[in-house]
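Structure file run.json; described as JSON, C-alpha atoms.
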```
[["chain", "number", "residue", "atom", "x", "y", "z"],
["B", 1, "MET", "CA", 133.26, -89.10, 137.31],
["B", 2, "SER", "CA", 129.73, -89.50, 135.98],
["B", 3, "ASP", "CA", 130.84, -92.66, 134.16],
["B", 4, "PHE", "CA", 131.22, -94.48, 137.49],
["B", 5, "LEU", "CA", 128.45, -96.50, 139.02],
["B", 6, "PRO", "CA", 127.23, -94.74, 142.15],
["B", 7, "HIS", "CA", 128.02, -96.37, 145.45],
["B", 8, "PRO", "CA", 127.65, -95.00, 148.99],
["B", 9, "PHE", "CA", 131.38, -95.41, 149.70],
["B", 10, "TRP", "CA", 132.38, -93.71, 146.42],
["B", 11, "ASN", "CA", 129.91, -90.88, 147.02],
["B", 12, "PHE", "CA", 131.18, -90.47, 150.60],
["B", 13, "SER", "CA", 134.78, -90.39, 149.35],
["B", 14, "LEU", "CA", 134.08, -87.74, 146.73],
["B", 15, "GLU", "CA", 132.26, -85.60, 149.27],
["B", 16, "ILE", "CA", 134.83, -85.69, 152.03],
["B", 17, "TYR", "CA", 137.85, -85.56, 149.72],
["B", 18, "ALA", "CA", 136.49, -82.24, 148.44],
["B", 19, "ALA", "CA", 136.13, -80.86, 151.99],
["B", 20, "GLU", "CA", 138.63, -78.25, 153.12],
["B", 21, "GLY", "CA", 142.00, -79.74, 154.06],
["B", 22, "VAL", "CA", 141.10, -83.37, 153.36],
["B", 23, "SER", "CA", 142.95, -83.93, 150.08],
["B", 24, "GLY", "CA", 146.11, -82.36, 151.51],
["B", 25, "ALA", "CA", 145.85, -84.49, 154.66],
["B", 26, "CYS", "CA", 145.35, -87.67, 152.64],
["B", 27, "LEU", "CA", 148.24, -86.90, 150.30],
["B", 28, "ASP", "CA", 150.45, -86.04, 153.29],
["B", 29, "LEU", "CA", 149.74, -89.43, 154.87],
["B", 30, "GLN", "CA", 150.25, -91.12, 151.50],
["B", 31, "GLU", "CA", 153.65, -89.50, 150.99],
["B", 32, "ARG", "CA", 154.98, -89.58, 154.56],
["B", 33, "ARG", "CA", 153.52, -92.88, 155.76],
["B", 34, "GLY", "CA", 152.78, -94.88, 152.63],
["B", 35, "CYS", "CA", 149.04, -94.89, 153.29],
["B", 36, "ASP", "CA", 146.58, -95.92, 150.62],
["B", 37, "VAL", "CA", 144.12, -93.01, 150.43],
["B", 38, "ASN", "CA", 141.28, -95.42, 149.65],
["B", 39, "ILE", "CA", 142.00, -97.33, 152.87],
["B", 40, "LEU", "CA", 142.01, -94.06, 154.84],
["B", 41, "LEU", "CA", 138.64, -93.17, 153.32],
["B", 42, "PHE", "CA", 137.33, -96.71, 153.87],
["B", 43, "CYS", "CA", 138.26, -96.55, 157.57],
["B", 44, "CYS", "CA", 136.36, -93.27, 157.89],
["B", 45, "TRP", "CA", 133.36, -94.50, 155.87],
["B", 46, "LEU", "CA", 132.99, -97.62, 157.98],
["B", 47, "GLY", "CA", 132.97, -95.55, 161.17],
["B", 48, "ALA", "CA", 130.84, -92.69, 159.84],
["B", 49, "SER", "CA", 128.17, -95.08, 158.56],
["B", 50, "GLY", "CA", 127.93, -96.86, 161.92],
["B", 51, "ARG", "CA", 129.62, -100.06, 160.89],
["B", 52, "PRO", "CA", 131.72, -102.08, 163.37],
["B", 53, "THR", "CA", 135.38, -101.28, 163.97],
["B", 54, "LEU", "CA", 137.82, -103.33, 161.93],
["B", 55, "SER", "CA", 140.00, -105.89, 163.65],
["B", 56, "ALA", "CA", 143.69, -105.95, 162.76],
["B", 57, "ASP", "CA", 143.26, -109.45, 161.29],
["B", 58, "ARG", "CA", 140.35, -108.34, 159.10],
["B", 59, "LEU", "CA", 142.23, -105.27, 157.87],
["B", 60, "ARG", "CA", 145.38, -107.31, 157.17],
["B", 61, "ALA", "CA", 143.28, -109.69, 155.04],
["B", 62, "ILE", "CA", 141.77, -106.71, 153.18],
["B", 63, "LEU", "CA", 145.21, -105.19, 152.65],
["B", 64, "ALA", "CA", 146.54, -108.51, 151.32],
["B", 65, "GLU", "CA", 143.82, -108.37, 148.65],
["B", 66, "ILE", "CA", 144.15, -104.67, 147.84],
["B", 67, "THR", "CA", 147.91, -104.05, 148.02],
["B", 68, "PRO", "CA", 148.75, -105.77, 144.70],
["B", 69, "TRP", "CA", 146.17, -103.62, 142.87],
["B", 70, "GLN", "CA", 147.56, -100.50, 144.48],
["B", 71, "ALA", "CA", 151.19, -101.51, 143.72],
["B", 72, "GLU", "CA", 150.69, -102.81, 140.18],
["B", 73, "ILE", "CA", 147.96, -100.53, 138.84],
["B", 74, "VAL", "CA", 147.29, -97.36, 140.85],
["B", 75, "LYS", "CA", 150.84, -96.37, 141.82],
["B", 76, "PRO", "CA", 152.27, -96.82, 138.31],
["B", 77, "LEU", "CA", 149.44, -94.72, 136.85],
["B", 78, "ARG", "CA", 150.14, -92.04, 139.48],
["B", 79, "GLU", "CA", 153.84, -92.02, 138.59],
["B", 80, "VAL", "CA", 153.12, -91.71, 134.86],
["B", 81, "ARG", "CA", 150.69, -88.86, 135.56],
["B", 82, "ARG", "CA", 153.34, -87.07, 137.63],
["B", 83, "LEU", "CA", 155.98, -87.54, 134.95],
["B", 84, "LEU", "CA", 153.66, -86.14, 132.31],
["B", 85, "LYS", "CA", 153.04, -83.05, 134.44],
["B", 86, "ASP", "CA", 156.71, -82.19, 134.15],
["B", 87, "MET", "CA", 156.64, -82.76, 130.39],
["B", 88, "GLN", "CA", 153.75, -80.37, 129.73],
["B", 89, "SER", "CA", 151.70, -83.05, 127.98],
["B", 90, "GLU", "CA", 148.30, -82.03, 129.36],
["B", 91, "ALA", "CA", 146.00, -84.09, 127.10],
["B", 92, "THR", "CA", 147.91, -87.30, 127.74],
["B", 93, "ARG", "CA", 148.21, -86.47, 131.43],
["B", 94, "ARG", "CA", 144.42, -86.01, 131.64],
["B", 95, "ARG", "CA", 143.84, -89.45, 130.08],
["B", 96, "VAL", "CA", 146.24, -91.06, 132.54],
["B", 97, "ALA", "CA", 144.57, -89.20, 135.42],
["B", 98, "ASP", "CA", 141.20, -90.55, 134.24],
["B", 99, "ALA", "CA", 142.63, -94.07, 134.18],
["B", 100, "GLU", "CA", 144.06, -93.55, 137.68],
["B", 101, "LEU", "CA", 140.66, -92.40, 138.94],
["B", 102, "ALA", "CA", 138.98, -95.43, 137.34],
["B", 103, "ALA", "CA", 141.52, -97.69, 139.10],
["B", 104, "GLU", "CA", 140.77, -95.95, 142.42],
["B", 105, "HIS", "CA", 137.04, -96.49, 141.85],
["B", 106, "ALA", "CA", 137.60, -100.17, 141.10],
["B", 107, "GLU", "CA", 139.65, -100.48, 144.29],
["B", 108, "GLN", "CA", 136.85, -98.93, 146.32],
["B", 109, "LEU", "CA", 134.31, -101.37, 144.90],
["B", 110, "ARG", "CA", 136.67, -104.21, 145.76],
["B", 111, "LEU", "CA", 137.07, -102.93, 149.32],
["B", 112, "VAL", "CA", 133.32, -102.91, 149.83],
["B", 113, "SER", "CA", 133.03, -106.41, 148.38],
["B", 114, "LEU", "CA", 135.60, -107.61, 150.94],
["B", 115, "TYR", "CA", 133.96, -106.02, 153.98],
["B", 116, "SER", "CA", 130.68, -104.17, 154.25],
["B", 117, "PRO", "CA", 128.64, -105.12, 157.29],
["B", 118, "PRO", "CA", 125.28, -103.40, 157.73],
["B", 119, "SER", "CA", 125.37, -99.72, 158.63],
["B", 120, "ASP", "CA", 123.74, -98.19, 161.68],
["B", 121, "ARG", "CA", 123.06, -94.50, 161.05],
["B", 122, "GLU", "CA", 121.22, -94.38, 164.38],
["B", 123, "ARG", "CA", 124.47, -95.05, 166.23],
["B", 124, "PRO", "CA", 125.44, -91.89, 168.14],
["B", 125, "VAL", "CA", 127.90, -89.68, 166.28],
["B", 126, "ASP", "CA", 130.49, -89.84, 169.08],
["B", 127, "LYS", "CA", 130.54, -93.65, 168.78],
["B", 128, "ARG", "CA", 130.79, -93.44, 165.00],
["B", 129, "LEU", "CA", 133.73, -91.02, 165.38],
["B", 130, "ARG", "CA", 135.44, -93.38, 167.82],
["B", 131, "ALA", "CA", 134.92, -96.25, 165.36],
["B", 132, "ALA", "CA", 136.52, -94.24, 162.54],
["B", 133, "ILE", "CA", 139.45, -93.30, 164.79],
["B", 134, "GLY", "CA", 139.73, -96.94, 165.84],
["B", 135, "ASN", "CA", 139.81, -98.07, 162.21],
["B", 136, "LEU", "CA", 142.53, -95.53, 161.40],
["B", 137, "GLY", "CA", 144.47, -96.71, 164.45],
["B", 138, "VAL", "CA", 144.20, -100.31, 163.29],
["B", 139, "TYR", "CA", 145.50, -99.19, 159.89],
["B", 140, "ALA", "CA", 148.47, -97.49, 161.56],
["B", 141, "VAL", "CA", 149.21, -100.73, 163.43],
["B", 142, "CYS", "CA", 149.01, -102.73, 160.18],
["B", 143, "LEU", "CA", 151.48, -100.29, 158.59],
["B", 144, "GLY", "CA", 153.79, -100.43, 161.61],
["B", 145, "VAL", "CA", 153.36, -96.68, 162.16],
["B", 146, "THR", "CA", 153.39, -94.97, 165.53],
["B", 147, "PRO", "CA", 151.33, -91.83, 164.90],
["B", 148, "ASP", "CA", 153.05, -88.51, 165.60],
["B", 149, "GLU", "CA", 151.67, -84.98, 165.88],
["B", 150, "ALA", "CA", 151.68, -84.48, 162.09],
["B", 151, "ASP", "CA", 149.72, -87.71, 161.67],
["B", 152, "ARG", "CA", 147.16, -86.61, 164.27],
["B", 153, "ARG", "CA", 146.73, -83.26, 162.49],
["B", 154, "ALA", "CA", 146.20, -85.03, 159.15],
["B", 155, "VAL", "CA", 143.75, -87.49, 160.69],
["B", 156, "ALA", "CA", 141.87, -84.60, 162.34],
["B", 157, "ALA", "CA", 141.52, -82.89, 158.94],
["B", 158, "LEU", "CA", 140.24, -86.12, 157.40],
["B", 159, "LEU", "CA", 137.74, -86.61, 160.21],
["B", 160, "ARG", "CA", 136.52, -83.01, 159.98],
["B", 161, "GLY", "CA", 135.51, -83.83, 156.41],
["B", 162, "ALA", "CA", 133.83, -87.08, 157.45],
["B", 163, "PHE", "CA", 132.10, -85.65, 160.54],
["B", 164, "SER", "CA", 131.18, -82.11, 159.53],
["B", 165, "ALA", "CA", 128.45, -81.98, 162.20],
["B", 166, "LEU", "CA", 131.14, -82.07, 164.92],
["B", 167, "SER", "CA", 133.29, -79.11, 165.86],
["B", 168, "ALA", "CA", 136.98, -78.98, 165.05],
["B", 169, "GLY", "CA", 137.62, -78.91, 168.80],
["B", 170, "GLU", "CA", 135.65, -82.11, 169.38],
["B", 171, "ILE", "CA", 137.58, -83.88, 166.66],
["B", 172, "ALA", "CA", 140.93, -82.49, 167.83],
["B", 173, "GLN", "CA", 140.23, -83.72, 171.35],
["B", 174, "ALA", "CA", 139.18, -87.16, 170.04],
["B", 175, "VAL", "CA", 142.49, -87.60, 168.19],
["B", 176, "GLY", "CA", 144.60, -86.18, 171.02],
["B", 177, "LEU", "CA", 145.29, -82.67, 169.72],
["B", 178, "SER", "CA", 144.77, -79.40, 171.49],
["B", 179, "PRO", "CA", 141.55, -77.65, 170.33],
["B", 180, "SER", "CA", 143.58, -74.96, 168.55],
["B", 181, "ALA", "CA", 145.33, -77.51, 166.30]]
```
Represent the supplied structure as structure tokens.
Amino acid sequence: MSDFLPHPFWNFSLEIYAAEGVSGACLDLQERRGCDVNILLFCCWLGASGRPTLSADRLRAILAEITPWQAEIVKPLREVRRLLKDMQSEATRRRVADAELAAEHAEQLRLVSLYSPPSDRERPVDKRLRAAIGNLGVYAVCLGVTPDEADRRAVAALLRGAFSALSAGEIAQAVGLSPSA
């Protein structure tokens, strides 16, 4: 990962993806709902950094630019990596995983080039949380997904990583879960 140029979105993604429960939540949404993990992280980053909430039209335009890269580059690399896992070819699998990670990094840089209004770190954290939830809701609309309880649990896990200063109960309430969820 040290070969990648640093960028606030990339750094944010690495940090929250490593937080407890976040990778599992992202992969769950990827598998069950067809979400692009980079878009999930982008929605959170925009909100967490105090940027404005995405409109559905803006996100659709971003998705139109990003979806071919995801479909033609990232997903095929992921499939090859998964196939190699079953074949016990660890050295080759590691190289493919590195290529997949480089493709994810390139996608993130492209996302930021498509939409990166100025941040406002002074914006109150509750408003930044609402913006992140709003962005994720817009993404659900763009995917044609009506979020269910499992989706809300996964989103809560993702947001706990992005908003570690807030309690799990505050985040659960914000996404419509009971505080014990």
Proximity to Arg58 (chain B) - best of B:Asp120, B:Leu114, B:Ser164, B:Leu129, only C-alpha atoms: B:Leu114
If you count all atoms listed in the file, which residues fall within 6 Å of Ile16 (chain B), apart from same-chain ones fewer than 2 positions away, as a list in words? Ser13, Leu14, Ala18, Ala19, Gly161 and Ala162 of chain B
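Counting all atoms listed in the file and comparing B:Ile171, B:Cys142, B:Leu41, B:Met87, the residue that lies closest to Glu15 (chain B) is B:Leu41.
Here CA of Arg33 (chain B) is placed at a distance of 8.7 Å from CA of Asp151 (chain B).
Among the candidates B:Leu158, B:Ala131, B:Leu109, B:Val138, the residue lying nearest to His7 (chain B) is B:Leu109 (atoms considered: all atoms listed in the file).
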Got a sec: who's within 12 Å of region 66-69 of chain B, counting only C-alpha atoms, leaving out chain neighbours fewer than 2 positions off, as a PyMOL selection string? chain B and resi 34-39+59-64+71-77+100+103-115+143
In terms of the shortest atom-to-atom distance over all atoms listed in the file, which of B:Arg94, B:Leu101, B:Arg81, B:Arg130 is closest to Asp3 (chain B)? B:Leu101
With only C-alpha atoms as the basis for distance, which of B:Ala172, B:Ala97, B:Cys43, B:Leu84 is at the shortest distance from Arg153 (chain B)? B:Ala172
Region 132-135 of chain B surroundings by all atoms listed in the file, 7 Å radius, close-in-sequence under 3 positions cut, as number ranges by chain: B: 43-44, 46-48, 53-54, 128-129, 138-139
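We find CA of Pro52 (chain B) and CA of Lys127 (chain B) to be spaced 10.1 Å apart.
All protein, DNA and RNA residues at most 8 Å from (144.8, -85.1, 158.2) are Gly21, Val22, Gly24, Ala25, Cys26, Asp28, Leu29, Ala150, Asp151, Arg152, Arg153, Ala154, Val155, Ala156, Ala157, Leu158 and Leu159 of chain B, using only C-alpha atoms.
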